>>> print(open('protein32.cif').read())   # mmCIF, C-alpha atoms and all ligand atoms
data_input
#
loop_
_atom_site.label_atom_id
_atom_site.label_comp_id
_atom_site.auth_asym_id
_atom_site.auth_seq_id
_atom_site.Cartn_x
_atom_site.Cartn_y
_atom_site.Cartn_z
CA MET J 118 90.41 69.62 131.05
CA SER J 119 92.36 71.77 128.69
CA ASN J 120 92.89 74.91 130.73
CA LEU J 121 95.25 75.80 133.55
CA GLY J 122 92.61 76.71 136.12
CA GLU J 123 92.73 80.38 135.22
CA LYS J 124 90.71 82.67 137.42
CA ILE J 125 87.88 84.50 135.71
CA LEU J 126 86.01 87.48 137.12
CA VAL J 127 82.34 87.39 136.11
CA VAL J 128 80.69 90.81 136.34
CA GLU J 129 76.96 90.48 135.70
CA ASP J 130 73.96 91.75 137.64
CA ASP J 131 71.43 89.40 136.04
CA MET J 132 71.44 86.42 138.39
CA GLN J 133 70.21 83.93 135.81
CA ILE J 134 72.88 84.83 133.29
CA ARG J 135 75.54 84.93 136.01
CA ASN J 136 74.57 81.44 137.20
CA PHE J 137 74.63 80.14 133.64
CA ILE J 138 78.10 81.60 133.02
CA CYS J 139 79.45 80.32 136.34
CA TYR J 140 78.10 76.84 135.76
CA SER J 141 79.60 76.71 132.24
CA LEU J 142 83.00 77.88 133.46
CA GLN J 143 83.13 75.70 136.54
CA THR J 144 82.50 72.51 134.60
CA GLU J 145 85.54 73.43 132.47
CA GLY J 146 87.74 73.82 135.53
CA TYR J 147 88.09 77.60 135.63
CA GLN J 148 88.24 79.33 139.00
CA LEU J 149 85.70 82.06 139.55
CA THR J 150 85.05 85.33 141.30
CA THR J 151 81.77 87.15 140.74
CA SER J 152 80.45 90.63 141.16
CA ASN J 153 77.13 92.28 140.28
CA THR J 154 78.44 95.86 140.27
CA GLY J 155 81.21 97.94 138.72
CA HIS J 156 82.59 98.85 142.14
CA GLY J 157 82.67 95.20 143.16
CA ALA J 158 84.53 94.35 139.94
CA LEU J 159 87.22 96.98 140.54
CA SER J 160 87.79 95.91 144.12
CA ALA J 161 88.05 92.24 143.09
CA LEU J 162 90.62 93.24 140.46
CA VAL J 163 92.88 94.98 142.96
CA SER J 164 92.61 92.34 145.68
CA GLU J 165 92.79 89.14 143.61
CA GLN J 166 94.89 87.68 140.82
CA ILE J 167 92.42 87.62 137.91
CA ASP J 168 93.36 86.23 134.47
CA LEU J 169 90.32 87.34 132.47
CA MET J 170 87.18 89.40 133.02
CA LEU J 171 83.72 88.79 131.58
CA LEU J 172 81.97 92.13 131.81
CA ASP J 173 78.31 93.02 131.42
CA LEU J 174 77.96 96.55 130.03
CA GLY J 175 74.72 97.40 131.81
CA LEU J 176 75.53 97.44 135.52
CA PRO J 177 73.44 98.98 138.31
CA ASP J 178 76.06 101.39 139.68
CA PHE J 179 78.03 102.51 136.62
CA ASP J 180 78.55 101.63 133.00
CA GLY J 181 80.76 98.67 132.08
CA ILE J 182 82.54 101.05 129.66
CA GLU J 183 83.85 102.94 132.71
CA VAL J 184 85.18 99.70 134.17
CA ILE J 185 87.15 99.05 130.96
CA LYS J 186 88.62 102.58 130.98
CA LYS J 187 89.77 102.20 134.58
CA VAL J 188 91.21 98.71 134.15
CA ARG J 189 93.12 99.67 131.00
CA GLU J 190 94.99 102.34 132.99
CA TRP J 191 96.96 99.60 134.69
CA SER J 192 96.23 96.20 133.13
CA GLU J 193 96.29 94.42 129.76
CA MET J 194 94.20 91.52 131.06
CA PRO J 195 91.72 90.07 128.54
CA ILE J 196 88.23 91.57 128.84
CA ILE J 197 85.24 90.04 127.12
CA VAL J 198 82.18 92.24 127.09
CA VAL J 199 78.70 90.79 127.45
CA SER J 200 75.97 92.95 126.01
CA ALA J 201 72.40 93.07 124.81
CA ARG J 202 71.57 92.69 121.15
CA ASP J 203 70.77 96.36 120.51
CA GLN J 204 74.05 97.75 121.87
CA ASP J 205 76.18 97.81 118.70
CA LYS J 206 77.51 101.27 119.43
CA GLU J 207 78.48 100.36 123.00
CA LYS J 208 80.15 97.17 121.76
CA ALA J 209 82.31 99.12 119.33
CA THR J 210 83.19 101.68 122.03
CA ALA J 211 84.10 98.89 124.44
CA LEU J 212 86.37 97.27 121.86
CA ASP J 213 88.00 100.59 120.97
CA LEU J 214 88.69 101.22 124.65
CA GLY J 215 90.55 97.95 124.87
CA ALA J 216 88.04 95.16 125.41
CA ASP J 217 89.22 92.04 123.59
CA ASP J 218 85.92 90.63 122.40
CA TYR J 219 82.20 90.61 123.00
CA LEU J 220 79.34 88.19 123.38
CA THR J 221 75.78 89.13 122.54
CA LYS J 222 73.02 87.81 124.79
CA PRO J 223 71.74 85.17 124.56
CA PHE J 224 74.86 83.09 123.90
CA SER J 225 75.65 79.40 124.28
CA ALA J 226 78.15 77.84 126.65
CA THR J 227 80.12 76.63 123.60
CA GLU J 228 80.39 80.18 122.28
CA LEU J 229 81.38 81.53 125.69
CA LEU J 230 84.10 78.93 126.19
CA ALA J 231 85.47 79.40 122.65
CA ARG J 232 85.81 83.18 123.15
CA ILE J 233 87.55 82.67 126.49
CA ARG J 234 90.03 80.24 124.95
CA VAL J 235 90.85 82.72 122.15
CA ALA J 236 91.33 85.60 124.60
CA LEU J 237 93.57 83.55 126.88
CA ARG J 238 95.60 82.28 123.93
CA HIS J 239 96.25 85.87 122.84
CA LEU J 240 97.34 86.66 126.37
CA TYR J 241 99.93 83.87 126.33
CA LYS J 242 101.09 84.89 122.87
CA LEU J 243 101.67 88.41 124.18
CA SER J 244 103.72 87.18 127.11
CA GLY J 245 105.82 84.76 125.03
CA ASN J 246 107.76 86.53 122.27
CA LYS J 247 108.33 83.77 119.76
CA GLN J 248 108.77 85.34 116.31
CA GLN J 249 106.46 83.68 113.79
CA THR J 250 107.52 83.49 110.15
CA SER J 251 104.32 82.02 108.74
CA ILE J 252 100.70 81.73 109.78
CA GLN J 253 98.02 79.48 108.37
CA ILE J 254 94.26 79.23 108.75
CA GLY J 255 92.42 76.70 106.63
CA ASP J 256 93.83 76.84 103.11
CA LEU J 257 95.16 80.37 103.59
CA LYS J 258 98.79 80.89 104.46
CA ILE J 259 100.92 83.99 104.91
CA GLU J 260 104.71 83.88 104.80
CA LEU J 261 105.47 86.92 106.89
CA ASP J 262 109.22 87.06 106.21
CA LYS J 263 108.63 87.08 102.41
CA ARG J 264 105.31 89.00 102.52
CA LEU J 265 103.63 86.31 100.38
CA VAL J 266 100.08 84.96 100.56
CA PHE J 267 99.04 81.49 99.39
CA LEU J 268 95.59 79.98 98.90
CA ASN J 269 95.56 76.20 98.41
CA GLY J 270 99.31 76.42 97.75
CA ALA J 271 98.93 78.95 94.90
CA GLN J 272 100.29 82.43 95.38
CA VAL J 273 97.72 85.23 95.64
CA HIS J 274 98.87 88.66 94.50
CA MET J 275 97.88 91.42 96.86
CA THR J 276 98.22 95.17 96.99
CA PRO J 277 100.26 96.42 99.99
CA MET J 278 97.01 97.63 101.63
CA GLU J 279 95.26 94.28 101.16
CA TYR J 280 98.30 92.52 102.57
CA SER J 281 98.40 94.78 105.65
CA LEU J 282 94.70 94.23 106.26
CA LEU J 283 95.02 90.45 105.95
CA VAL J 284 98.01 90.33 108.32
CA LEU J 285 96.15 92.46 110.85
CA LEU J 286 93.18 90.09 110.73
CA PHE J 287 95.42 86.99 110.93
CA LYS J 288 97.28 88.29 113.95
CA ASN J 289 93.95 88.77 115.67
CA ALA J 290 92.27 85.60 114.37
CA GLY J 291 89.12 84.76 116.28
CA LYS J 292 88.84 88.27 117.69
CA VAL J 293 86.51 90.94 116.41
CA LEU J 294 88.24 94.12 115.24
CA THR J 295 86.21 97.31 115.09
CA THR J 296 85.98 99.31 111.90
CA SER J 297 87.65 102.32 113.53
CA TYR J 298 90.49 100.18 114.93
CA ILE J 299 91.20 98.68 111.49
CA ILE J 300 91.14 102.13 109.84
CA LYS J 301 93.57 103.46 112.44
CA GLU J 302 95.92 100.49 111.95
CA ILE J 303 95.86 100.54 108.14
CA TRP J 304 95.62 104.25 107.31
CA GLY J 305 96.81 105.79 110.55
CA ILE J 306 95.24 108.27 112.91
CA GLY J 307 93.55 111.21 111.22
CA TYR J 308 91.52 109.22 108.74
CA GLY J 309 88.61 109.25 111.16
CA ASN J 310 85.89 106.92 110.11
CA ASP J 311 86.38 106.41 106.42
CA THR J 312 84.33 103.24 106.42
CA GLN J 313 83.76 103.54 102.66
CA ALA J 314 87.47 103.02 101.93
CA LEU J 315 87.64 100.09 104.30
CA ARG J 316 84.58 98.50 102.75
CA ALA J 317 86.16 98.80 99.29
CA LEU J 318 89.47 97.36 100.52
CA MET J 319 87.64 94.51 102.26
CA ALA J 320 85.66 93.71 99.11
CA GLY J 321 88.88 93.52 97.08
CA LEU J 322 90.53 91.27 99.65
CA ARG J 323 87.51 88.99 99.85
CA ARG J 324 87.43 88.61 96.05
CA LYS J 325 90.99 87.27 96.22
CA ILE J 326 90.66 84.86 99.12
CA GLU J 327 87.00 83.87 99.32
CA THR J 328 85.46 81.39 96.87
CA TYR J 329 82.08 83.06 97.46
CA PRO J 330 82.77 86.66 98.58
CA ALA J 331 79.10 87.14 99.47
CA LYS J 332 79.25 84.06 101.71
CA PRO J 333 82.71 84.46 103.23
CA ARG J 334 84.49 81.55 104.81
CA TYR J 335 87.39 83.49 106.32
CA ILE J 336 86.45 87.09 107.00
CA MET J 337 83.12 87.51 108.78
CA THR J 338 81.27 90.80 109.04
CA GLU J 339 80.18 91.67 112.58
CA ILE J 340 77.24 93.90 111.77
CA GLY J 341 77.52 97.39 113.24
CA VAL J 342 80.88 96.59 114.85
CA GLY J 343 83.60 95.38 112.49
CA TYR J 344 85.19 92.19 111.16
CA ARG J 345 86.47 88.88 112.49
CA LEU J 346 88.77 86.38 110.82
CA VAL J 347 87.65 82.85 111.65
CA ASN J 348 89.91 80.86 113.89
CA GLU J 349 89.82 77.22 112.81
CA CA J 401 72.98 94.04 133.20
#
>>> encode(input="protein32.cif", output="structure tokens")
Amino acid sequence: MSNLGEKILVVEDDMQIRNFICYSLQTEGYQLTTSNTGHGALSALVSEQIDLMLLDLGLPDFDGIEVIKKVREWSEMPIIVVSARDQDKEKATALDLGADDYLTKPFSATELLARIRVALRHLYKLSGNKQQTSIQIGDLKIELDKRLVFLNGAQVHMTPMEYSLLVLLFKNAGKVLTTSYIIKEIWGIGYGNDTQALRALMAGLRRKIETYPAKPRYIMTEIGVGYRLVNE
């Protein structure tokens, strides 16, 4: 067992999905608390020590989005949203409000566990403040102190914008970043939703780091939501 027995709050009103999630998590040694409503989730969060929340967006009493808003007023705990396939807009809203990631139904136990591991790892990284000087994923390496990027050991020349985008993705490897979040981080507030500029910047970056830009190995497009750098 690779985890530390973290306690996960599972908020899901569909009994079958809830049972599936609980079974998958229990076999990995996680502790569990469950709720089938938004109210139940909030009361569990104030009365128990929860390390991560898995949150269904469609709840019987109120929207999962409202749960995220409330929780983010007082906690930075990882939140992974669980949603139906046709809820792209809700997914992006949830992420912009501070959810860490999302899973689209139906999902596998492997996928669920991988997302939980990534979210918990980010949590520990936040609490420890070790300063990293270089980061590497696959054959891609960034030397943060020198602002240099290498692919297979050869230096890749980047524009300052491409570099900022790549560092942002690296620092959030494995997590999906919404288009509007990336725009805000790269261009600043006030640029609204200039997705055209981001798409152009992304295309330029992919040409430099991907062998087949149309079939990316590093930067995946999350349709209708944003982008995710793979986390090998
Ligand atoms: Ca539901």
>>> atom_distance(input="protein32.cif", atom1="atom CA of J:Val235", atom2="atom CA of J:Met319")
23.3 Å
>>> residues_around(input="protein32.cif", residues="stretch 200-205 of chain J", least_positions_apart="5", cutoff="7 Å", atoms="only C-alpha atoms", output="NGL selection string")
:J and (173-174 or 220-222 or 341-342)
>>> atom_distance(input="protein32.cif", atom1="atom CA of J:Leu149", atom2="atom CA of J:Leu126")
5.9 Å
>>> residues_near_ligand(input="protein32.cif", ligand="ligand CA 401 (chain J)", cutoff="10 Å", atoms="all atoms listed in the file", output="list in words")
Val128, Glu129, Asp130, Asp131, Met132, Ile134, Arg135, Asn153, Thr154, Leu172, Asp173, Leu174, Gly175, Leu176, Pro177, Asp180, Gly181, Val199, Ser200 and Ala201 of chain J
>>> closest_residue(input="protein32.cif", among="J:Tyr329, J:Gly157, J:Ala226, J:Leu214", to="J:Gln143", atoms="only C-alpha atoms")
J:Ala226
>>> atom_distance(input="protein32.cif", atom1="atom CA of J:Leu282", atom2="atom CA of J:Ile303")
6.7 Å
>>> closest_residue(input="protein32.cif", among="J:Tyr140, J:Phe287, J:Tyr280, J:Tyr298", to="J:Lys325", atoms="all atoms listed in the file")
J:Tyr280
>>> closest_residue(input="protein32.cif", among="J:Thr151, J:Gly146, J:Ala161, J:Lys124", to="J:Pro195", atoms="only C-alpha atoms")
J:Lys124
>>> closest_residue(input="protein32.cif", among="J:Leu257, J:Leu169, J:Leu283, J:Leu268", to="J:Val188", atoms="all atoms listed in the file")
J:Leu169
>>> decode(input="protein32.cif", residues="stretch 215-331 of chain J", atoms="C-alpha atoms", output="compact mmCIF listing (two decimals), in the first residue's frame")
# COMPACT_ATOMS: atom_id res chain seq x y z
CA GLY J 215 -10.69 25.93 -7.36
CA ALA J 216 -11.40 22.26 -8.02
CA ASP J 217 -8.12 20.45 -8.68
CA ASP J 218 -9.20 17.98 -11.32
CA TYR J 219 -12.16 16.17 -12.79
CA LEU J 220 -13.22 12.70 -13.80
CA THR J 221 -15.82 12.07 -16.47
CA LYS J 222 -18.27 9.23 -15.93
CA PRO J 223 -17.78 6.40 -16.59
CA PHE J 224 -14.19 6.13 -15.33
CA SER J 225 -12.01 3.21 -14.31
CA ALA J 226 -10.63 2.50 -10.86
CA THR J 227 -7.11 2.95 -12.29
CA GLU J 228 -8.00 6.43 -13.54
CA LEU J 229 -9.64 7.35 -10.24
CA LEU J 230 -6.66 6.23 -8.18
CA ALA J 231 -4.16 7.97 -10.47
CA ARG J 232 -6.02 11.30 -10.17
CA ILE J 233 -6.17 10.97 -6.39
CA ARG J 234 -2.44 10.29 -6.18
CA VAL J 235 -1.68 13.39 -8.30
CA ALA J 236 -3.96 15.61 -6.21
CA LEU J 237 -2.47 14.37 -2.93
CA ARG J 238 1.07 14.79 -4.25
CA HIS J 239 0.31 18.42 -5.10
CA LEU J 240 -1.04 18.88 -1.60
CA TYR J 241 2.20 17.63 -0.05
CA LYS J 242 4.25 19.75 -2.44
CA LEU J 243 2.30 22.80 -1.29
CA SER J 244 2.92 22.07 2.36
CA GLY J 245 6.64 21.34 1.91
CA ASN J 246 8.54 24.31 0.47
CA LYS J 247 11.53 22.68 -1.13
CA GLN J 248 12.80 24.94 -3.92
CA GLN J 249 13.20 22.97 -7.16
CA THR J 250 15.87 24.02 -9.64
CA SER J 251 14.99 21.59 -12.42
CA ILE J 252 12.01 19.49 -13.44
CA GLN J 253 11.89 16.61 -15.87
CA ILE J 254 9.13 14.62 -17.52
CA GLY J 255 10.09 12.02 -20.10
CA ASP J 256 12.79 13.49 -22.33
CA LEU J 257 11.78 17.06 -21.49
CA LYS J 258 13.70 18.98 -18.88
CA ILE J 259 13.48 22.55 -17.61
CA GLU J 260 16.32 24.18 -15.68
CA LEU J 261 14.33 26.74 -13.76
CA ASP J 262 17.29 28.70 -12.35
CA LYS J 263 18.74 29.22 -15.87
CA ARG J 264 15.37 29.36 -17.69
CA LEU J 265 16.54 26.70 -20.17
CA VAL J 266 14.57 23.89 -21.81
CA PHE J 267 16.09 20.65 -23.07
CA LEU J 268 14.60 17.87 -25.20
CA ASN J 269 16.67 14.67 -25.33
CA GLY J 270 19.58 16.69 -23.92
CA ALA J 271 19.49 19.30 -26.72
CA GLN J 272 18.52 22.84 -25.86
CA VAL J 273 15.18 24.06 -27.23
CA HIS J 274 14.89 27.79 -27.85
CA MET J 275 11.66 29.26 -26.60
CA THR J 276 10.01 32.65 -26.60
CA PRO J 277 9.37 34.04 -23.09
CA MET J 278 5.64 33.29 -23.52
CA GLU J 279 6.25 29.69 -24.58
CA TYR J 280 8.59 29.25 -21.64
CA SER J 281 6.03 30.63 -19.17
CA LEU J 282 3.34 28.35 -20.57
CA LEU J 283 5.58 25.28 -20.37
CA VAL J 284 6.60 26.04 -16.77
CA LEU J 285 2.97 26.54 -15.79
CA LEU J 286 2.06 23.17 -17.28
CA PHE J 287 5.08 21.44 -15.69
CA LYS J 288 4.29 22.80 -12.25
CA ASN J 289 0.80 21.36 -12.60
CA ALA J 290 1.80 18.11 -14.34
CA GLY J 291 -1.00 15.57 -14.33
CA LYS J 292 -3.62 18.21 -13.57
CA VAL J 293 -5.96 19.73 -16.09
CA LEU J 294 -5.69 23.52 -16.41
CA THR J 295 -8.63 25.40 -17.86
CA THR J 296 -8.19 27.68 -20.84
CA SER J 297 -9.28 30.72 -18.81
CA TYR J 298 -6.89 29.86 -15.95
CA ILE J 299 -3.94 29.58 -18.37
CA ILE J 300 -4.85 32.88 -20.05
CA LYS J 301 -5.05 34.61 -16.68
CA GLU J 302 -1.66 33.19 -15.61
CA ILE J 303 0.16 33.98 -18.87
CA TRP J 304 -1.42 37.26 -19.99
CA GLY J 305 -2.92 38.48 -16.73
CA ILE J 306 -6.44 39.45 -15.77
CA GLY J 307 -8.24 41.58 -18.33
CA TYR J 308 -7.49 39.44 -21.34
CA GLY J 309 -10.80 37.66 -20.84
CA ASN J 310 -11.09 34.62 -22.99
CA ASP J 311 -8.66 35.15 -25.81
CA THR J 312 -8.58 31.47 -26.64
CA GLN J 313 -7.28 32.24 -30.14
CA ALA J 314 -4.00 33.61 -28.76
CA LEU J 315 -3.62 30.65 -26.43
CA ARG J 316 -4.26 28.21 -29.24
CA ALA J 317 -1.56 29.88 -31.34
CA LEU J 318 0.91 29.88 -28.44
CA MET J 319 0.13 26.23 -27.72
CA ALA J 320 0.66 25.28 -31.37
CA GLY J 321 4.06 26.98 -31.35
CA LEU J 322 5.08 25.24 -28.14
CA ARG J 323 3.93 21.86 -29.39
CA ARG J 324 5.94 22.26 -32.61
CA LYS J 325 9.06 22.67 -30.47
CA ILE J 326 8.57 19.84 -28.01
CA GLU J 327 6.33 17.29 -29.71
CA THR J 328 7.65 14.93 -32.39
CA TYR J 329 4.12 14.74 -33.82
CA PRO J 330 2.30 17.95 -32.80
CA ALA J 331 -1.01 16.53 -34.03
